[in-house]
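S.K.: Quick one: this structure, given as structure tokens, is what I'll be asking you about.
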Amino acid sequence: EFCSSLAGIMLLEVFLVLGTLLIYFFFPKKNEETLPFKDGWWGRGQKPVTKEDSSIRPFKVETAEEELSDLFRRLDQARFTEPLENSCFHYGTNSVHLRKVVSYWKNQFNWKKQVEVLNKYPQFKTKIQGIDIHFVHVKPPRLPEGQAAKPLLMVHGWPGSFYEFYKIIPLLTDPASHGLGDEHIFEVICPSIPGYGFSEAPHKQDFNSVSAASVFYELMLKLGFNEFYTQGGDAGCLICTNLAQIAPSHVKGLHLNMVLVSKLGLSHLLSVLLGRYFPGLFGFQDEDVRRMFPFLKKWLYKILSEFGYAHIQATKPDTVGCGLNDSPVGLAAYILEKFSSWTDMEFQNLEDGGLERKFSLDDLLTNIMIYWVSGCIVSSMRFYKENLQKGIGTQKHEKLTVQVPTGIAAFPNEILHIPQAWAKKKYTNIVSFHFMPRGGHFAALEEPELLAKDILQFVDKVEKEQLWKKK
């Protein structure tokens, strides 16, 4: 009887093990793990034993006359090289056009007027983890009775700045005045990534996107926001994604205008090989096929032809950075090339790089001046090394999914298109995915109204269905 009981118990155990295996393989558990908050110290020297100054101080952009005199001297002494005939922007910034930009910079561009533009929104600085964090904080000019503003953290990328959001801020803080209704009104916070613009650069190695996300999380809590929305593209996409992984109970929704997926598997490979012929099998829509194929031309060749800068910045940023920090014309050439190609790859066929088709020279030079007067180009480039030096797909945040309600605005001229079928393996709660009708990488600056409308419809969906409560 004992033997038969033992056999029965063993048989039960076998069934339990088999059942567990079946459940594991056919009903994979939802990955609810969060990303650890990174409590670093990025200031100079040893972390002091005294408590960090927690004050929030008003900040204004100011430039001394000596700085401007030095800039004009350097512009006057610029040494240009002759471009190849008919090369347009295929070799990078065309120096014939660069001369025209520099001429405008010297003779017509009014930096003092642009400083007034920069200072029209309230700006602040506060110490977090040993470094000064700069941010723009814009509250709504008016709120309907009984309505509260929704906090929205907007994060820029490289080679952009907080200035990228200056055209979209009024559409979000005062949507009714721009024909966008008053159901959702935002209080917008646009920080400068540490090492960019007027945020102090980290003095220690290893300040990556998780570090930036942790700093911005602290910033939002310091400002009194326990629940908030986040929005980003480029590096901002990565930072906002990490923030959603660190604090999923605080991030009500994550809106992205660029998606990064670094963990690729067999299904991705098969979809690359066969997705053009059997799109439905891989969850591709017709627009995905149009934007992704032929894959060699629209993905692989693009990576080879457009990502050389990323390899340099992920390996030896300081070397090139030294030259750019010393020459305003070199800095302009380096940054303008990105605003040409990443807005529309076809602009490489134009001698002026199509730069003024979507942006004004004043806007382009204001962004460049933020890099110049703050001397931040080297530290901004280092962010690539800190994020990529350990290899792609090796970091914990790359392996974790995102459960926070996510909205994706897929602009047609973004450098690489990520289909929803790929994105949803990382972002498991995509509630809004839209193929945008036009626009490229710098969406907030190029197409502020399109982006604002997409953010508003996403937040409307999250709020009406209370999706953040169902995470």
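Just so we're on the same page: first chain in the structure tokens is A, next is B, and so on; residues restart at 1 for each chain, and ligands are numbered from 1 in the order they show up.
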If you run DSSP on the backbone, which residues of range 249-295 of chain A are strand (DSSP E), as a list in words?

M.R.: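 So the strand (DSSP E) residues in range 249-295 of chain A would be Val251, Lys252, Gly253, Leu254, His255 and Leu256 of chain A.
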
S.K.: Could the residues of range 122-199 of chain A that have an atom at most 7 Å from range 224-243 of chain A be listed as JSON lines, each with its closest atom pair and the distance in Å to one decimal, counting only C-alpha atoms and ordered by chain and ascending residue number?

M.R.:
{"residue": "A:Lys150", "atom": "CA", "partner": "A:Phe228", "partner_atom": "CA", "distance": 6.8}
{"residue": "A:Pro151", "atom": "CA", "partner": "A:Phe228", "partner_atom": "CA", "distance": 5.0}
{"residue": "A:Leu152", "atom": "CA", "partner": "A:Tyr229", "partner_atom": "CA", "distance": 4.7}
{"residue": "A:Leu153", "atom": "CA", "partner": "A:Thr230", "partner_atom": "CA", "distance": 4.6}
{"residue": "A:Met154", "atom": "CA", "partner": "A:Gln231", "partner_atom": "CA", "distance": 4.8}
{"residue": "A:Val155", "atom": "CA", "partner": "A:Gly236", "partner_atom": "CA", "distance": 4.5}
{"residue": "A:His156", "atom": "CA", "partner": "A:Gly236", "partner_atom": "CA", "distance": 5.0}
{"residue": "A:Gly157", "atom": "CA", "partner": "A:Ala235", "partner_atom": "CA", "distance": 4.4}
{"residue": "A:Trp158", "atom": "CA", "partner": "A:Ala235", "partner_atom": "CA", "distance": 6.7}

S.K.: At a cut-off of 10 Å, using only C-alpha atoms, what residues contact range 70-81 of chain A? Leave out same-chain residues fewer than 5 positions from it and give the result as a list in words.

M.R.: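 Those residues are Glu65, Asn94, Ser95, Val96, Leu98, Arg99, Val102, Ser103, Trp105, Lys106, Asn107, Asp326, Ser327, Pro328, Val329, Gly330, Met369, Trp372 and Val373 of chain A.
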
S.K.: What residues in range 304-368 of chain A get the DSSP label alpha helix (DSSP H)? Please answer as a count of residues only.

M.R.: 47

S.K.: Contacts of Cys322 in chain A at 12 Å or less, counting only C-alpha atoms, minus same-chain residues fewer than 2 places along, as a PDB file with N, CA and C atoms, in the first residue's frame?

M.R.:
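Output file selection_29.pdb follows:
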ATOM      1  N   LYS A 316      35.123  57.257 -29.357  1.00  0.00           N
ATOM      2  CA  LYS A 316      36.086  58.315 -29.023  1.00  0.00           C
ATOM      3  C   LYS A 316      35.441  59.703 -29.168  1.00  0.00           C
ATOM      4  N   PRO A 317      34.436  59.999 -28.358  1.00  0.00           N
ATOM      5  CA  PRO A 317      33.722  61.276 -28.525  1.00  0.00           C
ATOM      6  C   PRO A 317      34.603  62.502 -28.306  1.00  0.00           C
ATOM      7  N   ASP A 318      35.534  62.415 -27.375  1.00  0.00           N
ATOM      8  CA  ASP A 318      36.318  63.602 -27.018  1.00  0.00           C
ATOM      9  C   ASP A 318      37.219  64.078 -28.156  1.00  0.00           C
ATOM     10  N   THR A 319      37.684  63.153 -28.992  1.00  0.00           N
ATOM     11  CA  THR A 319      38.622  63.540 -30.055  1.00  0.00           C
ATOM     12  C   THR A 319      37.964  64.490 -31.042  1.00  0.00           C
ATOM     13  N   VAL A 320      36.857  64.060 -31.624  1.00  0.00           N
ATOM     14  CA  VAL A 320      36.133  64.917 -32.567  1.00  0.00           C
ATOM     15  C   VAL A 320      35.546  66.111 -31.827  1.00  0.00           C
ATOM     16  N   LEU A 324      35.124  70.368 -32.566  1.00  0.00           N
ATOM     17  CA  LEU A 324      33.819  71.029 -32.673  1.00  0.00           C
ATOM     18  C   LEU A 324      33.659  72.102 -31.604  1.00  0.00           C
ATOM     19  N   ASN A 325      34.215  71.849 -30.429  1.00  0.00           N
ATOM     20  CA  ASN A 325      34.116  72.819 -29.338  1.00  0.00           C
ATOM     21  C   ASN A 325      34.991  74.052 -29.584  1.00  0.00           C
ATOM     22  N   ASP A 326      35.948  73.899 -30.489  1.00  0.00           N
ATOM     23  CA  ASP A 326      36.882  74.996 -30.777  1.00  0.00           C
ATOM     24  C   ASP A 326      36.455  75.827 -31.985  1.00  0.00           C
ATOM     25  N   SER A 327      35.609  75.232 -32.840  1.00  0.00           N
ATOM     26  CA  SER A 327      35.237  75.910 -34.083  1.00  0.00           C
ATOM     27  C   SER A 327      33.724  75.998 -34.232  1.00  0.00           C
ATOM     28  N   PRO A 328      33.153  77.192 -34.167  1.00  0.00           N
ATOM     29  CA  PRO A 328      31.693  77.305 -34.355  1.00  0.00           C
ATOM     30  C   PRO A 328      31.242  76.868 -35.743  1.00  0.00           C
ATOM     31  N   GLY A 330      32.730  74.523 -37.596  1.00  0.00           N
ATOM     32  CA  GLY A 330      32.772  73.055 -37.563  1.00  0.00           C
ATOM     33  C   GLY A 330      31.569  72.487 -36.835  1.00  0.00           C
ATOM     34  N   LEU A 331      31.223  73.125 -35.719  1.00  0.00           N
ATOM     35  CA  LEU A 331      30.056  72.696 -34.932  1.00  0.00           C
ATOM     36  C   LEU A 331      28.785  72.796 -35.771  1.00  0.00           C
ATOM     37  N   GLY A 375      29.148  75.324 -24.338  1.00  0.00           N
ATOM     38  CA  GLY A 375      30.339  74.474 -24.522  1.00  0.00           C
ATOM     39  C   GLY A 375      30.061  73.005 -24.249  1.00  0.00           C
ATOM     40  N   CYS A 376      28.865  72.541 -24.659  1.00  0.00           N
ATOM     41  CA  CYS A 376      28.430  71.198 -24.234  1.00  0.00           C
ATOM     42  C   CYS A 376      28.587  70.117 -25.299  1.00  0.00           C
ATOM     43  N   ILE A 377      29.161  70.429 -26.463  1.00  0.00           N
ATOM     44  CA  ILE A 377      29.155  69.418 -27.532  1.00  0.00           C
ATOM     45  C   ILE A 377      29.876  68.130 -27.123  1.00  0.00           C
ATOM     46  N   VAL A 378      31.012  68.252 -26.438  1.00  0.00           N
ATOM     47  CA  VAL A 378      31.760  67.045 -26.055  1.00  0.00           C
ATOM     48  C   VAL A 378      30.944  66.193 -25.082  1.00  0.00           C
ATOM     49  N   SER A 379      30.419  66.811 -24.032  1.00  0.00           N
ATOM     50  CA  SER A 379      29.662  66.040 -23.037  1.00  0.00           C
ATOM     51  C   SER A 379      28.384  65.453 -23.637  1.00  0.00           C
ATOM     52  N   MET A 381      28.075  64.384 -26.727  1.00  0.00           N
ATOM     53  CA  MET A 381      28.501  63.238 -27.540  1.00  0.00           C
ATOM     54  C   MET A 381      28.882  62.036 -26.672  1.00  0.00           C
ATOM     55  N   ARG A 382      29.399  62.310 -25.471  1.00  0.00           N
ATOM     56  CA  ARG A 382      29.800  61.213 -24.563  1.00  0.00           C
ATOM     57  C   ARG A 382      28.623  60.327 -24.184  1.00  0.00           C
TER      58      ARG A 382
END

S.K.: For Asp288 in chain A, which residue out of A:Leu254, A:Val115, A:Leu445, A:Ala410 is the nearest one, using only C-alpha atoms?

M.R.: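 Among the listed residues, A:Ala410 lies closest to Asp288 in chain A.
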
S.K.: Pick out the closest residue to Asp352 in chain A from this set: A:Leu416, A:Leu364, A:Ile56, A:Leu336. Count only C-alpha atoms.

M.R.: A:Leu336

S.K.: Using only C-alpha atoms, determine which residues lie at most 8 Å from Phe339 in chain A, disregarding the query and same-chain residues fewer than 4 positions distant; provide the list as a VMD selection string.

M.R.: chain A and resid 335 343 355 442

S.K.: Within 12 Å of range 117-129 of chain A, which residues of range 339-427 of chain A show up? Give each one with its shortest atom-to-atom distance in Å (one decimal) and the two atoms involved, counting only C-alpha atoms, rows by chain then rising residue number, as a tab-separated table.

M.R.:
residue	atom	partner	partner_atom	distance
A:Asp362	CA	A:Val117	CA	10.9
A:Asp363	CA	A:Val117	CA	10.4
A:Thr366	CA	A:Leu118	CA	8.9
A:Asn367	CA	A:Leu118	CA	10.4
A:Met369	CA	A:Leu118	CA	11.4
A:Ile370	CA	A:Leu118	CA	9.9

S.K.: Give the answer as one residue: which of A:Glu287, A:Glu386, A:Glu447, A:Glu306 has the shortest atom-to-atom distance to His417 in chain A, using only C-alpha atoms?

M.R.: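 Closest candidate: A:Glu287.
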
S.K.: Kindly indicate which residue among A:Cys190, A:Leu365, A:Val136, A:Ile408 lies nearest to Leu260 in chain A, using only C-alpha atoms for the distances.

M.R.: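 Counting only C-alpha atoms, the residue closest to Leu260 in chain A is A:Ile408.
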
S.K.: Please list as a PDB file with all heavy atoms, in the first residue's frame every residue within 12 Å of Pro279 in chain A, counting only C-alpha atoms and excluding residues in the same chain fewer than 3 positions away.

M.R.:
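Dumped everything to selection.pdb:
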ATOM      1  N   LEU A 270      12.957  36.462 -39.384  1.00  0.00           N
ATOM      2  CA  LEU A 270      12.019  35.888 -40.357  1.00  0.00           C
ATOM      3  C   LEU A 270      11.172  36.984 -41.005  1.00  0.00           C
ATOM      4  O   LEU A 270      10.914  36.950 -42.209  1.00  0.00           O
ATOM      5  CB  LEU A 270      11.107  34.860 -39.667  1.00  0.00           C
ATOM      6  CG  LEU A 270      11.765  33.522 -39.278  1.00  0.00           C
ATOM      7  CD1 LEU A 270      10.834  32.685 -38.435  1.00  0.00           C
ATOM      8  CD2 LEU A 270      12.188  32.754 -40.540  1.00  0.00           C
ATOM      9  N   SER A 271      10.777  37.984 -40.206  1.00  0.00           N
ATOM     10  CA  SER A 271       9.944  39.060 -40.760  1.00  0.00           C
ATOM     11  C   SER A 271      10.737  39.915 -41.743  1.00  0.00           C
ATOM     12  O   SER A 271      10.177  40.462 -42.690  1.00  0.00           O
ATOM     13  CB  SER A 271       9.345  39.912 -39.636  1.00  0.00           C
ATOM     14  OG  SER A 271      10.339  40.663 -38.976  1.00  0.00           O
ATOM     15  N   VAL A 272      12.049  40.018 -41.525  1.00  0.00           N
ATOM     16  CA  VAL A 272      12.906  40.756 -42.457  1.00  0.00           C
ATOM     17  C   VAL A 272      13.006  40.001 -43.782  1.00  0.00           C
ATOM     18  O   VAL A 272      12.948  40.589 -44.866  1.00  0.00           O
ATOM     19  CB  VAL A 272      14.317  40.964 -41.844  1.00  0.00           C
ATOM     20  CG1 VAL A 272      15.326  41.367 -42.905  1.00  0.00           C
ATOM     21  CG2 VAL A 272      14.270  42.017 -40.746  1.00  0.00           C
ATOM     22  N   LEU A 273      13.136  38.673 -43.684  1.00  0.00           N
ATOM     23  CA  LEU A 273      13.296  37.844 -44.884  1.00  0.00           C
ATOM     24  C   LEU A 273      11.983  37.675 -45.651  1.00  0.00           C
ATOM     25  O   LEU A 273      11.964  37.679 -46.878  1.00  0.00           O
ATOM     26  CB  LEU A 273      13.843  36.466 -44.493  1.00  0.00           C
ATOM     27  CG  LEU A 273      15.263  36.434 -43.892  1.00  0.00           C
ATOM     28  CD1 LEU A 273      15.587  35.045 -43.363  1.00  0.00           C
ATOM     29  CD2 LEU A 273      16.293  36.861 -44.928  1.00  0.00           C
ATOM     30  N   LEU A 274      10.876  37.526 -44.915  1.00  0.00           N
ATOM     31  CA  LEU A 274       9.612  37.145 -45.560  1.00  0.00           C
ATOM     32  C   LEU A 274       8.488  38.170 -45.440  1.00  0.00           C
ATOM     33  O   LEU A 274       7.454  38.040 -46.101  1.00  0.00           O
ATOM     34  CB  LEU A 274       9.122  35.804 -44.965  1.00  0.00           C
ATOM     35  CG  LEU A 274      10.101  34.627 -45.063  1.00  0.00           C
ATOM     36  CD1 LEU A 274       9.600  33.444 -44.241  1.00  0.00           C
ATOM     37  CD2 LEU A 274      10.308  34.217 -46.514  1.00  0.00           C
ATOM     38  N   GLY A 275       8.691  39.200 -44.605  1.00  0.00           N
ATOM     39  CA  GLY A 275       7.624  40.159 -44.317  1.00  0.00           C
ATOM     40  C   GLY A 275       7.102  40.897 -45.532  1.00  0.00           C
ATOM     41  O   GLY A 275       5.929  41.265 -45.588  1.00  0.00           O
ATOM     42  N   ARG A 276       7.968  41.090 -46.524  1.00  0.00           N
ATOM     43  CA  ARG A 276       7.560  41.799 -47.734  1.00  0.00           C
ATOM     44  C   ARG A 276       6.541  40.983 -48.533  1.00  0.00           C
ATOM     45  O   ARG A 276       5.660  41.548 -49.197  1.00  0.00           O
ATOM     46  CB  ARG A 276       8.813  42.057 -48.573  1.00  0.00           C
ATOM     47  CG  ARG A 276       8.605  42.999 -49.736  1.00  0.00           C
ATOM     48  CD  ARG A 276       9.914  43.176 -50.468  1.00  0.00           C
ATOM     49  NE  ARG A 276       9.833  44.175 -51.517  1.00  0.00           N
ATOM     50  CZ  ARG A 276      10.843  44.520 -52.297  1.00  0.00           C
ATOM     51  NH1 ARG A 276      12.022  43.951 -52.122  1.00  0.00           N
ATOM     52  NH2 ARG A 276      10.703  45.421 -53.228  1.00  0.00           N
ATOM     53  N   PHE A 282       3.293  38.411 -40.245  1.00  0.00           N
ATOM     54  CA  PHE A 282       4.173  39.026 -39.240  1.00  0.00           C
ATOM     55  C   PHE A 282       3.564  40.278 -38.603  1.00  0.00           C
ATOM     56  O   PHE A 282       4.244  41.023 -37.910  1.00  0.00           O
ATOM     57  CB  PHE A 282       5.522  39.370 -39.889  1.00  0.00           C
ATOM     58  CG  PHE A 282       6.233  38.151 -40.412  1.00  0.00           C
ATOM     59  CD1 PHE A 282       6.165  37.822 -41.766  1.00  0.00           C
ATOM     60  CD2 PHE A 282       6.935  37.319 -39.561  1.00  0.00           C
ATOM     61  CE1 PHE A 282       6.807  36.700 -42.251  1.00  0.00           C
ATOM     62  CE2 PHE A 282       7.575  36.190 -40.038  1.00  0.00           C
ATOM     63  CZ  PHE A 282       7.511  35.865 -41.383  1.00  0.00           C
ATOM     64  N   GLY A 283       2.288  40.493 -38.887  1.00  0.00           N
ATOM     65  CA  GLY A 283       1.608  41.639 -38.283  1.00  0.00           C
ATOM     66  C   GLY A 283       1.962  42.966 -38.919  1.00  0.00           C
ATOM     67  O   GLY A 283       1.740  44.025 -38.330  1.00  0.00           O
ATOM     68  N   PHE A 284       2.531  42.923 -40.143  1.00  0.00           N
ATOM     69  CA  PHE A 284       2.891  44.164 -40.836  1.00  0.00           C
ATOM     70  C   PHE A 284       1.677  44.731 -41.571  1.00  0.00           C
ATOM     71  O   PHE A 284       0.891  43.983 -42.151  1.00  0.00           O
ATOM     72  CB  PHE A 284       4.001  43.922 -41.872  1.00  0.00           C
ATOM     73  CG  PHE A 284       5.365  43.648 -41.275  1.00  0.00           C
ATOM     74  CD1 PHE A 284       6.419  43.272 -42.092  1.00  0.00           C
ATOM     75  CD2 PHE A 284       5.601  43.785 -39.915  1.00  0.00           C
ATOM     76  CE1 PHE A 284       7.684  43.022 -41.561  1.00  0.00           C
ATOM     77  CE2 PHE A 284       6.856  43.535 -39.378  1.00  0.00           C
ATOM     78  CZ  PHE A 284       7.896  43.152 -40.202  1.00  0.00           C
ATOM     79  N   GLN A 285       1.571  46.050 -41.573  1.00  0.00           N
ATOM     80  CA  GLN A 285       0.575  46.722 -42.390  1.00  0.00           C
ATOM     81  C   GLN A 285       1.233  47.160 -43.698  1.00  0.00           C
ATOM     82  O   GLN A 285       2.459  47.153 -43.815  1.00  0.00           O
ATOM     83  CB  GLN A 285       0.015  47.933 -41.636  1.00  0.00           C
ATOM     84  CG  GLN A 285      -0.741  47.525 -40.366  1.00  0.00           C
ATOM     85  CD  GLN A 285      -1.289  48.712 -39.622  1.00  0.00           C
ATOM     86  OE1 GLN A 285      -1.904  49.597 -40.219  1.00  0.00           O
ATOM     87  NE2 GLN A 285      -1.079  48.753 -38.314  1.00  0.00           N
ATOM     88  N   ASP A 286       0.409  47.539 -44.674  1.00  0.00           N
ATOM     89  CA  ASP A 286       0.953  47.948 -45.979  1.00  0.00           C
ATOM     90  C   ASP A 286       1.973  49.079 -45.829  1.00  0.00           C
ATOM     91  O   ASP A 286       2.993  49.106 -46.512  1.00  0.00           O
ATOM     92  CB  ASP A 286      -0.183  48.410 -46.909  1.00  0.00           C
ATOM     93  CG  ASP A 286      -1.061  47.241 -47.347  1.00  0.00           C
ATOM     94  OD1 ASP A 286      -0.623  46.085 -47.161  1.00  0.00           O
ATOM     95  OD2 ASP A 286      -2.166  47.482 -47.856  1.00  0.00           O
ATOM     96  N   GLU A 287       1.683  50.011 -44.913  1.00  0.00           N
ATOM     97  CA  GLU A 287       2.593  51.150 -44.703  1.00  0.00           C
ATOM     98  C   GLU A 287       3.926  50.694 -44.109  1.00  0.00           C
ATOM     99  O   GLU A 287       4.978  51.256 -44.424  1.00  0.00           O
ATOM    100  CB  GLU A 287       1.924  52.201 -43.810  1.00  0.00           C
ATOM    101  CG  GLU A 287       2.717  53.474 -43.611  1.00  0.00           C
ATOM    102  CD  GLU A 287       2.961  54.296 -44.876  1.00  0.00           C
ATOM    103  OE1 GLU A 287       2.311  54.038 -45.912  1.00  0.00           O
ATOM    104  OE2 GLU A 287       3.823  55.206 -44.836  1.00  0.00           O
ATOM    105  N   ASP A 288       3.891  49.661 -43.253  1.00  0.00           N
ATOM    106  CA  ASP A 288       5.137  49.094 -42.724  1.00  0.00           C
ATOM    107  C   ASP A 288       6.002  48.578 -43.870  1.00  0.00           C
ATOM    108  O   ASP A 288       7.210  48.831 -43.923  1.00  0.00           O
ATOM    109  CB  ASP A 288       4.844  47.927 -41.767  1.00  0.00           C
ATOM    110  CG  ASP A 288       4.219  48.367 -40.450  1.00  0.00           C
ATOM    111  OD1 ASP A 288       4.678  49.375 -39.885  1.00  0.00           O
ATOM    112  OD2 ASP A 288       3.273  47.704 -39.998  1.00  0.00           O
ATOM    113  N   VAL A 289       5.362  47.850 -44.774  1.00  0.00           N
ATOM    114  CA  VAL A 289       6.078  47.269 -45.915  1.00  0.00           C
ATOM    115  C   VAL A 289       6.694  48.375 -46.767  1.00  0.00           C
ATOM    116  O   VAL A 289       7.858  48.301 -47.183  1.00  0.00           O
ATOM    117  CB  VAL A 289       5.139  46.375 -46.761  1.00  0.00           C
ATOM    118  CG1 VAL A 289       5.841  45.878 -48.023  1.00  0.00           C
ATOM    119  CG2 VAL A 289       4.648  45.188 -45.920  1.00  0.00           C
ATOM    120  N   ARG A 290       5.906  49.443 -47.000  1.00  0.00           N
ATOM    121  CA  ARG A 290       6.396  50.552 -47.813  1.00  0.00           C
ATOM    122  C   ARG A 290       7.607  51.232 -47.179  1.00  0.00           C
ATOM    123  O   ARG A 290       8.556  51.608 -47.853  1.00  0.00           O
ATOM    124  CB  ARG A 290       5.258  51.572 -48.010  1.00  0.00           C
ATOM    125  CG  ARG A 290       5.460  52.518 -49.181  1.00  0.00           C
ATOM    126  CD  ARG A 290       4.371  53.570 -49.241  1.00  0.00           C
ATOM    127  NE  ARG A 290       4.417  54.501 -48.132  1.00  0.00           N
ATOM    128  CZ  ARG A 290       5.315  55.467 -48.002  1.00  0.00           C
ATOM    129  NH1 ARG A 290       6.245  55.626 -48.905  1.00  0.00           N
ATOM    130  NH2 ARG A 290       5.286  56.282 -46.968  1.00  0.00           N
ATOM    131  N   MET A 292       9.716  49.886 -44.878  1.00  0.00           N
ATOM    132  CA  MET A 292      10.824  49.003 -44.480  1.00  0.00           C
ATOM    133  C   MET A 292      11.534  48.306 -45.634  1.00  0.00           C
ATOM    134  O   MET A 292      12.690  47.887 -45.481  1.00  0.00           O
ATOM    135  CB  MET A 292      10.299  47.914 -43.537  1.00  0.00           C
ATOM    136  CG  MET A 292       9.943  48.402 -42.161  1.00  0.00           C
ATOM    137  SD  MET A 292       9.283  47.053 -41.180  1.00  0.00           S
ATOM    138  CE  MET A 292      10.750  46.068 -40.910  1.00  0.00           C
ATOM    139  N   PHE A 293      10.846  48.132 -46.739  1.00  0.00           N
ATOM    140  CA  PHE A 293      11.416  47.322 -47.819  1.00  0.00           C
ATOM    141  C   PHE A 293      11.603  48.135 -49.089  1.00  0.00           C
ATOM    142  O   PHE A 293      10.853  49.076 -49.337  1.00  0.00           O
ATOM    143  CB  PHE A 293      10.510  46.106 -48.087  1.00  0.00           C
ATOM    144  CG  PHE A 293      10.392  45.182 -46.899  1.00  0.00           C
ATOM    145  CD1 PHE A 293       9.306  45.269 -46.040  1.00  0.00           C
ATOM    146  CD2 PHE A 293      11.380  44.250 -46.633  1.00  0.00           C
ATOM    147  CE1 PHE A 293       9.198  44.431 -44.941  1.00  0.00           C
ATOM    148  CE2 PHE A 293      11.277  43.402 -45.534  1.00  0.00           C
ATOM    149  CZ  PHE A 293      10.185  43.496 -44.680  1.00  0.00           C
ATOM    150  N   PRO A 419       8.117  48.809 -36.992  1.00  0.00           N
ATOM    151  CA  PRO A 419       6.683  48.493 -37.079  1.00  0.00           C
ATOM    152  C   PRO A 419       6.092  48.194 -35.698  1.00  0.00           C
ATOM    153  O   PRO A 419       6.820  47.818 -34.773  1.00  0.00           O
ATOM    154  CB  PRO A 419       6.655  47.251 -37.973  1.00  0.00           C
ATOM    155  CG  PRO A 419       7.995  46.625 -37.804  1.00  0.00           C
ATOM    156  CD  PRO A 419       8.965  47.737 -37.531  1.00  0.00           C
ATOM    157  N   ALA A 421       4.418  45.706 -34.857  1.00  0.00           N
ATOM    158  CA  ALA A 421       4.633  44.288 -34.543  1.00  0.00           C
ATOM    159  C   ALA A 421       5.955  44.070 -33.804  1.00  0.00           C
ATOM    160  O   ALA A 421       6.061  43.176 -32.959  1.00  0.00           O
ATOM    161  CB  ALA A 421       4.604  43.467 -35.835  1.00  0.00           C
TER     162      ALA A 421
END

S.K.: Neighbouring residues of range 455-469 of chain A were defined as those with any atom within 7 Å, considering only C-alpha atoms; residues of the same chain fewer than 6 positions away were excluded. Please report them as a list in words.

M.R.: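 Residues meeting the cut-off are His184, Lys252, Gly253, His255, Val404, Pro405, Gly407 and Ser432 of chain A.
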
S.K.: Can those selected residues be exported to a file as a PDB file, in the first residue's frame so that it contains N, CA and C atoms?

M.R.:
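Listed below is the output, part-v5.pdb:
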ATOM      1  N   HIS A 184      -7.943  68.422 -22.310  1.00  0.00           N
ATOM      2  CA  HIS A 184      -6.677  68.044 -21.666  1.00  0.00           C
ATOM      3  C   HIS A 184      -5.688  69.195 -21.813  1.00  0.00           C
ATOM      4  N   LYS A 252       1.864  57.776 -15.998  1.00  0.00           N
ATOM      5  CA  LYS A 252       0.506  57.420 -16.442  1.00  0.00           C
ATOM      6  C   LYS A 252       0.504  56.973 -17.898  1.00  0.00           C
ATOM      7  N   GLY A 253       1.385  57.558 -18.693  1.00  0.00           N
ATOM      8  CA  GLY A 253       1.445  57.201 -20.104  1.00  0.00           C
ATOM      9  C   GLY A 253       2.762  57.644 -20.698  1.00  0.00           C
ATOM     10  N   HIS A 255       4.544  58.584 -24.353  1.00  0.00           N
ATOM     11  CA  HIS A 255       4.323  58.879 -25.765  1.00  0.00           C
ATOM     12  C   HIS A 255       5.670  59.060 -26.451  1.00  0.00           C
ATOM     13  N   VAL A 404       3.668  50.277 -19.104  1.00  0.00           N
ATOM     14  CA  VAL A 404       2.956  51.560 -19.064  1.00  0.00           C
ATOM     15  C   VAL A 404       2.207  51.784 -20.385  1.00  0.00           C
ATOM     16  N   PRO A 405       0.966  52.319 -20.360  1.00  0.00           N
ATOM     17  CA  PRO A 405       0.265  52.627 -21.615  1.00  0.00           C
ATOM     18  C   PRO A 405       1.140  53.482 -22.525  1.00  0.00           C
ATOM     19  N   GLY A 407       1.899  55.344 -26.401  1.00  0.00           N
ATOM     20  CA  GLY A 407       1.432  55.876 -27.679  1.00  0.00           C
ATOM     21  C   GLY A 407       2.626  56.126 -28.572  1.00  0.00           C
ATOM     22  N   SER A 432      -1.982  53.240 -28.739  1.00  0.00           N
ATOM     23  CA  SER A 432      -2.121  54.144 -29.880  1.00  0.00           C
ATOM     24  C   SER A 432      -0.863  54.059 -30.730  1.00  0.00           C
TER      25      SER A 432
END

S.K.: Grab the CA of Ile169 in chain A to CA of Ile131 in chain A distance for me, in Å with one decimal place.

M.R.: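 Separation between CA of Ile169 in chain A and CA of Ile131 in chain A: 25.9 Å.
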
S.K.: Would you mind reading off the distance between CA of Gln420 in chain A and CA of Asp344 in chain A, one decimal, in Å?

M.R.: 21.7 Å

S.K.: Which one of A:His137, A:Lys100, A:Lys297, A:Arg44 sits closest to Pro58 in chain A if you count only C-alpha atoms?

M.R.: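 Among the listed residues, the smallest separation from Pro58 in chain A belongs to A:His137.
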
S.K.: Calculated over only C-alpha atoms, which of the candidates A:Asn429, A:Ala149, A:Ile189, A:Pro248 has the smallest distance to Phe165 in chain A?

M.R.: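 Under the stated criterion, the closest residue is A:Ile189.
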